[in-house]
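*Asks:* Next up, data_35.cif (mmCIF, C-alpha atoms).
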data_coords
loop_
_atom_site.label_atom_id
_atom_site.label_comp_id
_atom_site.auth_asym_id
_atom_site.auth_seq_id
_atom_site.Cartn_x
_atom_site.Cartn_y
_atom_site.Cartn_z
CA ALA A 82 11.41 -4.96 -2.01
CA TYR A 83 15.15 -4.37 -1.58
CA VAL A 84 15.68 -7.82 -0.06
CA LEU A 85 13.58 -9.58 -2.70
CA ALA A 86 15.31 -7.77 -5.55
CA THR A 87 18.87 -7.98 -4.27
CA PHE A 88 19.44 -11.23 -2.38
CA GLU A 89 19.09 -14.90 -3.23
CA PHE A 90 17.95 -17.03 -0.29
CA ARG A 91 15.88 -20.08 0.48
CA GLY A 92 12.17 -19.29 0.38
CA ARG A 93 12.64 -16.17 -1.75
CA LYS A 94 10.23 -17.38 -4.44
CA THR A 95 7.66 -18.31 -1.80
CA LEU A 96 7.99 -14.92 -0.11
CA ARG A 97 7.64 -13.18 -3.45
CA SER A 98 4.56 -15.23 -4.25
CA ILE A 99 2.97 -13.97 -1.03
CA THR A 100 3.05 -10.46 -2.48
CA ILE A 101 0.13 -11.50 -4.69
CA LEU A 102 -1.95 -11.55 -1.49
CA PRO A 103 -3.98 -8.34 -2.06
CA PHE A 104 -5.27 -9.69 -5.36
CA VAL A 105 -6.62 -12.98 -3.99
CA LEU A 106 -7.45 -12.42 -0.31
CA PRO A 107 -11.06 -11.31 0.32
CA GLY A 108 -11.33 -8.09 2.31
CA ILE A 109 -13.86 -9.60 4.68
CA LEU A 110 -11.34 -12.31 5.58
CA VAL A 111 -8.80 -9.63 6.55
CA ALA A 112 -11.45 -7.82 8.60
CA THR A 113 -12.42 -11.05 10.35
CA GLY A 114 -8.80 -11.82 11.18
CA PHE A 115 -8.18 -8.38 12.67
CA TYR A 116 -11.43 -8.54 14.61
CA ALA A 117 -10.31 -11.89 16.02
CA ALA A 118 -7.00 -10.31 17.04
CA PHE A 119 -8.07 -6.88 18.29
CA GLY A 120 -11.73 -7.35 19.34
CA GLN A 121 -13.05 -7.52 22.89
CA SER A 122 -12.41 -11.27 23.06
CA GLY A 123 -9.55 -11.20 20.60
CA LEU A 124 -6.25 -12.99 20.99
CA LEU A 125 -4.19 -9.81 21.37
CA ASN A 126 -6.66 -8.46 23.91
CA ASP A 127 -6.27 -11.65 25.96
CA VAL A 128 -2.47 -11.32 25.85
CA LEU A 129 -2.66 -7.69 27.00
CA GLY A 130 -5.04 -8.73 29.77
CA VAL A 131 -2.32 -10.93 31.28
CA VAL A 132 -0.24 -7.81 31.97
CA GLY A 133 -3.22 -5.74 33.06
CA LEU A 134 -3.71 -3.89 29.77
CA GLY A 135 -6.74 -5.79 28.58
CA GLN A 136 -8.53 -3.11 26.59
CA SER A 137 -9.96 -3.79 23.17
CA LEU A 138 -8.04 -1.69 20.65
CA LEU A 139 -11.02 -2.01 18.35
CA GLU A 140 -13.07 -0.05 20.90
CA THR A 141 -10.44 2.37 22.20
CA ASN A 142 -8.64 3.10 18.90
CA PRO A 143 -10.55 1.73 15.90
CA LEU A 144 -8.73 4.03 13.46
CA PHE A 145 -5.41 2.39 14.36
CA VAL A 146 -6.82 -1.07 13.68
CA VAL A 147 -8.40 0.00 10.37
CA VAL A 148 -5.15 1.60 9.17
CA LEU A 149 -3.17 -1.46 10.30
CA ALA A 150 -5.55 -3.76 8.41
CA HIS A 151 -5.13 -1.71 5.24
CA ALA A 152 -1.36 -1.70 5.67
CA PHE A 153 -1.41 -5.50 6.00
CA TYR A 154 -3.62 -5.73 2.93
CA ASN A 155 -1.64 -3.36 0.70
CA ALA A 156 2.01 -3.62 1.82
CA PRO A 157 2.57 -6.73 -0.36
CA LEU A 158 1.25 -4.75 -3.33
CA ILE A 159 3.81 -1.98 -2.78
CA ALA A 160 6.55 -4.60 -2.36
CA ARG A 161 5.57 -6.35 -5.58
CA VAL A 162 5.49 -3.16 -7.66
CA THR A 163 8.75 -1.82 -6.20
CA THR A 164 10.65 -5.12 -6.45
CA GLY A 165 10.31 -5.12 -10.22
CA ALA A 166 11.63 -1.56 -10.42
CA TRP A 167 14.54 -2.37 -8.09
CA GLU A 168 15.55 -5.34 -10.24
CA ALA A 169 15.59 -3.04 -13.26
CA VAL A 170 18.03 -0.55 -11.67
CA ASP A 171 21.26 -0.50 -13.67
CA ALA A 172 23.99 -1.55 -11.24
CA ARG A 173 26.62 -0.01 -13.55
CA MET A 174 25.14 3.43 -12.97
CA VAL A 175 25.45 2.93 -9.20
CA GLU A 176 29.05 1.74 -9.57
CA THR A 177 29.88 4.72 -11.77
CA ALA A 178 28.41 7.10 -9.20
CA ARG A 179 30.51 5.48 -6.47
CA ALA A 180 33.60 5.75 -8.69
CA LEU A 181 32.89 9.48 -9.09
CA GLY A 182 33.07 9.85 -5.31
CA ALA A 183 29.44 9.47 -4.25
CA SER A 184 28.82 7.77 -0.90
CA ARG A 185 26.45 4.80 -0.68
CA ARG A 186 23.75 7.07 0.66
CA ARG A 187 24.20 9.63 -2.06
CA ALA A 188 24.38 7.00 -4.79
CA PHE A 189 21.07 5.66 -3.55
CA ARG A 190 19.54 9.14 -3.33
CA ASP A 191 20.76 10.40 -6.70
CA VAL A 192 20.81 7.23 -8.82
CA VAL A 193 18.62 4.50 -7.36
CA LEU A 194 15.77 6.49 -5.81
CA PRO A 195 14.88 8.44 -9.00
CA GLN A 196 14.53 5.11 -10.80
CA LEU A 197 12.35 3.70 -8.03
CA LEU A 198 10.18 6.79 -7.64
CA PRO A 199 7.78 6.06 -10.53
CA ALA A 200 7.08 2.57 -9.15
CA ILE A 201 6.66 3.91 -5.62
CA LEU A 202 4.22 6.57 -6.83
CA ALA A 203 2.34 4.05 -8.97
CA GLY A 204 2.10 1.61 -6.05
CA SER A 205 0.93 4.42 -3.78
CA LEU A 206 -1.71 5.40 -6.32
CA LEU A 207 -3.00 1.83 -6.54
CA THR A 208 -3.04 1.58 -2.76
CA PHE A 209 -5.03 4.80 -2.51
CA ILE A 210 -7.54 3.51 -5.05
CA PHE A 211 -7.99 0.24 -3.16
CA THR A 212 -8.33 1.90 0.24
CA PHE A 213 -10.55 4.68 -1.14
CA MET A 214 -12.94 2.02 -2.43
CA THR A 215 -12.64 -0.31 0.57
CA PHE A 216 -15.86 -1.65 2.01
CA PRO A 217 -15.74 -4.78 4.21
CA ILE A 218 -12.67 -3.80 6.26
CA VAL A 219 -14.05 -0.40 7.28
CA LEU A 220 -17.63 -1.63 7.71
CA ALA A 221 -16.55 -4.51 9.94
CA LEU A 222 -13.89 -2.71 11.97
CA GLY A 223 -14.91 0.95 11.96
CA GLY A 224 -18.55 1.14 10.96
CA LEU A 225 -20.08 4.53 10.17
CA GLN A 226 -17.66 6.19 12.59
CA LEU A 227 -14.85 5.71 10.03
CA ALA A 228 -16.99 5.24 6.94
CA THR A 229 -15.54 5.43 3.45
CA VAL A 230 -17.65 6.54 0.49
CA GLU A 231 -18.64 2.94 -0.23
CA VAL A 232 -19.85 2.45 3.33
CA TRP A 233 -21.90 5.66 3.07
CA VAL A 234 -23.38 4.41 -0.23
CA TYR A 235 -24.31 1.14 1.45
CA ASN A 236 -25.80 2.95 4.45
CA ALA A 237 -27.79 5.36 2.28
CA ALA A 238 -29.09 2.55 0.07
CA SER A 239 -30.03 0.47 3.14
CA ASN A 240 -32.08 3.43 4.41
CA LEU A 241 -33.70 3.84 0.98
CA GLN A 242 -31.97 7.20 0.46
CA VAL A 243 -31.55 6.40 -3.23
CA PRO A 244 -30.66 9.89 -4.57
CA GLU A 245 -27.93 10.32 -1.94
CA ALA A 246 -26.57 6.81 -2.57
CA ALA A 247 -26.57 7.39 -6.33
CA THR A 248 -24.80 10.74 -6.03
CA LEU A 249 -22.08 9.31 -3.79
CA ALA A 250 -21.65 6.33 -6.13
CA VAL A 251 -21.23 8.60 -9.16
CA ILE A 252 -18.66 10.78 -7.35
CA GLU A 253 -16.70 7.74 -6.19
CA THR A 254 -16.76 6.20 -9.66
CA ALA A 255 -15.54 9.42 -11.26
CA ILE A 256 -12.64 9.77 -8.82
CA SER A 257 -11.70 6.09 -9.14
CA LEU A 258 -11.74 6.25 -12.95
CA ALA A 259 -9.58 9.39 -12.92
CA LEU A 260 -7.01 7.76 -10.63
CA THR A 261 -7.06 4.53 -12.64
CA TYR A 262 -6.49 6.54 -15.82
CA ALA A 263 -3.48 8.20 -14.19
CA TYR A 264 -2.07 4.78 -13.32
CA LEU A 265 -2.67 3.43 -16.82
CA ARG A 266 -0.89 6.46 -18.25
CA TYR A 267 2.10 5.55 -16.10
CA GLU A 268 1.92 1.92 -17.25
CA ALA A 269 1.84 3.10 -20.86
CA GLY A 270 4.97 5.16 -20.36
CA GLY A 271 3.18 8.49 -20.34
CA SER A 272 4.04 9.24 -16.72
CA GLY A 273 5.72 12.51 -15.85
CA PHE A 274 7.44 10.92 -12.87
CA SER A 275 10.78 10.27 -14.57
CA THR A 276 13.83 12.18 -13.43
CA ASP A 277 17.46 12.28 -14.47
CA PRO A 278 19.52 10.36 -11.89
CA TRP A 279 22.70 12.13 -12.96
CA VAL A 280 21.49 15.68 -12.35
CA SER A 281 23.00 16.02 -8.89
CA ILE A 282 26.05 13.76 -9.22
CA GLY A 283 29.12 15.93 -8.87
CA SER A 284 27.29 18.83 -7.26
CA ASP A 285 25.98 19.35 -3.76
#
Before anything else, please render the file you have as structure tokens.

*Replies:*
Amino acid sequence: AYVLATFEFRGRKTLRSITILPFVLPGILVATGFYAAFGQSGLLNDVLGVVGLGQSLLETNPLFVVVLAHAFYNAPLIARVTTGAWEAVDARMVETARALGASRRRAFRDVVLPQLLPAILAGSLLTFIFTFMTFPIVLALGGLQLATVEVWVYNAASNLQVPEAATLAVIETAISLALTYAYLRYEAGGSGFSTDPWVSIGSD
């Protein structure tokens, strides 16, 4: 986000366009790609086998692969949300802080970071919503061992456990709506995340 917001370089627009990835890339495609890389006959497993470490990470450490897949899927979202906030940071405020004797690190901590924090929290909230509701990635890579609520709903419905599936679906929907409402409140300017970047300038 810092690089995209601060520097001009060839391919910057293309790189920024890639941050739309989570909104257009099907989850099952991500799961398939990671299975092809980390599965028993995956590319990475073959590479590790050359040096005598040929163990499928998907079998020995499925949680790592699932978390990595979600990071791949959601990191562009965080970058996209934070880039906009970074571009909106008033450079004059940073320069004033430096003129008042603040180091680069302290100017970032006391001036820039408070302005980025709402976007970081909003991006984190969106990421939590997406991962909380994830289905194909966990089902394909982790199965019931690492099941999310949606996977449990699917499993219960598949076994004709309708009351259990319905209850889980209602709970998930309620939590998702509450989190989405919190994000919309932030978007509408009703967030309580804002802080005064000048509070700690001049005091330690």

*Asks:* Which one is closest to Phe211 (chain A): A:Asn126, A:Gly114, A:Glu253, A:Arg93? Count only C-alpha atoms.

*Replies:*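 Among the listed residues, the smallest separation from Phe211 (chain A) belongs to A:Glu253.
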
*Asks:* So which one's closest to Ala255 (chain A), A:Gly204, A:Tyr267, A:Met214, A:Leu227? Using only C-alpha atoms, please.

*Replies:*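 So, comparing all the options, the nearest one is A:Met214.
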
*Asks:* Find the residues near Leu249 (chain A): any atom within 8 Å, counting all atoms listed in the file, skip ones fewer than 6 places away on the same chain, and give them as a list of chain:residue names.

*Replies:*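 Everything that qualifies: A:Val230, A:Trp233, A:Val234.
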
*Asks:* Those residues you just picked out, can you put them in a file as an mmCIF file, in the coordinates of the input with C-alpha atoms?

*Replies:*
data_model
loop_
_atom_site.group_PDB
_atom_site.id
_atom_site.type_symbol
_atom_site.label_atom_id
_atom_site.label_comp_id
_atom_site.auth_asym_id
_atom_site.auth_seq_id
_atom_site.Cartn_x
_atom_site.Cartn_y
_atom_site.Cartn_z
ATOM 1 C CA VAL A 230 -17.650 6.540 0.490
ATOM 2 C CA TRP A 233 -21.900 5.660 3.070
ATOM 3 C CA VAL A 234 -23.380 4.410 -0.230
#

*Asks:* At most 6 Å is the cut-off: for each residue in region 114-188 of chain A with any atom that close to an atom of region 97-104 of chain A, write down the nearest atom pair and the distance in Å rounded to one decimal, counting only C-alpha atoms, chain first then increasing number, as a Markdown table.

*Replies:*
| residue | atom | partner | partner_atom | distance |
| --- | --- | --- | --- | --- |
| A:Tyr154 | CA | A:Pro103 | CA | 5.6 |
| A:Pro157 | CA | A:Thr100 | CA | 4.3 |
| A:Arg161 | CA | A:Thr100 | CA | 5.7 |

*Asks:* List every protein, DNA or RNA residue with an atom no more than 12 Å from (23.2, 6.9, -4.2) in the file's coordinates, counting all atoms listed in the file, and format the result as a PyMOL selection string.

*Replies:* chain A and resi 170+172+174-197+278-279+281-283

*Asks:* Take the residues from that selection and put them in a file with C-alpha atoms, as a PDB file, in the coordinates of the input.

*Replies:*
ATOM      1  CA  VAL A 170      18.030  -0.550 -11.670  1.00  0.00           C
ATOM      2  CA  ALA A 172      23.990  -1.550 -11.240  1.00  0.00           C
ATOM      3  CA  MET A 174      25.140   3.430 -12.970  1.00  0.00           C
ATOM      4  CA  VAL A 175      25.450   2.930  -9.200  1.00  0.00           C
ATOM      5  CA  GLU A 176      29.050   1.740  -9.570  1.00  0.00           C
ATOM      6  CA  THR A 177      29.880   4.720 -11.770  1.00  0.00           C
ATOM      7  CA  ALA A 178      28.410   7.100  -9.200  1.00  0.00           C
ATOM      8  CA  ARG A 179      30.510   5.480  -6.470  1.00  0.00           C
ATOM      9  CA  ALA A 180      33.600   5.750  -8.690  1.00  0.00           C
ATOM     10  CA  LEU A 181      32.890   9.480  -9.090  1.00  0.00           C
ATOM     11  CA  GLY A 182      33.070   9.850  -5.310  1.00  0.00           C
ATOM     12  CA  ALA A 183      29.440   9.470  -4.250  1.00  0.00           C
ATOM     13  CA  SER A 184      28.820   7.770  -0.900  1.00  0.00           C
ATOM     14  CA  ARG A 185      26.450   4.800  -0.680  1.00  0.00           C
ATOM     15  CA  ARG A 186      23.750   7.070   0.660  1.00  0.00           C
ATOM     16  CA  ARG A 187      24.200   9.630  -2.060  1.00  0.00           C
ATOM     17  CA  ALA A 188      24.380   7.000  -4.790  1.00  0.00           C
ATOM     18  CA  PHE A 189      21.070   5.660  -3.550  1.00  0.00           C
ATOM     19  CA  ARG A 190      19.540   9.140  -3.330  1.00  0.00           C
ATOM     20  CA  ASP A 191      20.760  10.400  -6.700  1.00  0.00           C
ATOM     21  CA  VAL A 192      20.810   7.230  -8.820  1.00  0.00           C
ATOM     22  CA  VAL A 193      18.620   4.500  -7.360  1.00  0.00           C
ATOM     23  CA  LEU A 194      15.770   6.490  -5.810  1.00  0.00           C
ATOM     24  CA  PRO A 195      14.880   8.440  -9.000  1.00  0.00           C
ATOM     25  CA  GLN A 196      14.530   5.110 -10.800  1.00  0.00           C
ATOM     26  CA  LEU A 197      12.350   3.700  -8.030  1.00  0.00           C
ATOM     27  CA  PRO A 278      19.520  10.360 -11.890  1.00  0.00           C
ATOM     28  CA  TRP A 279      22.700  12.130 -12.960  1.00  0.00           C
ATOM     29  CA  SER A 281      23.000  16.020  -8.890  1.00  0.00           C
ATOM     30  CA  ILE A 282      26.050  13.760  -9.220  1.00  0.00           C
ATOM     31  CA  GLY A 283      29.120  15.930  -8.870  1.00  0.00           C
TER      32      GLY A 283
END

*Asks:* Which residues, named as in the file, does the PyMOL selection byres ((chain A and resi 231) around 10) pick out? Answer as a list in words.

*Replies:* Phe213, Met214, Thr215, Phe216, Pro217, Val219, Leu220, Ala228, Thr229, Val230, Val232, Trp233, Val234, Tyr235, Asn236, Ala237, Ala246, Leu249, Ala250 and Glu253 of chain A
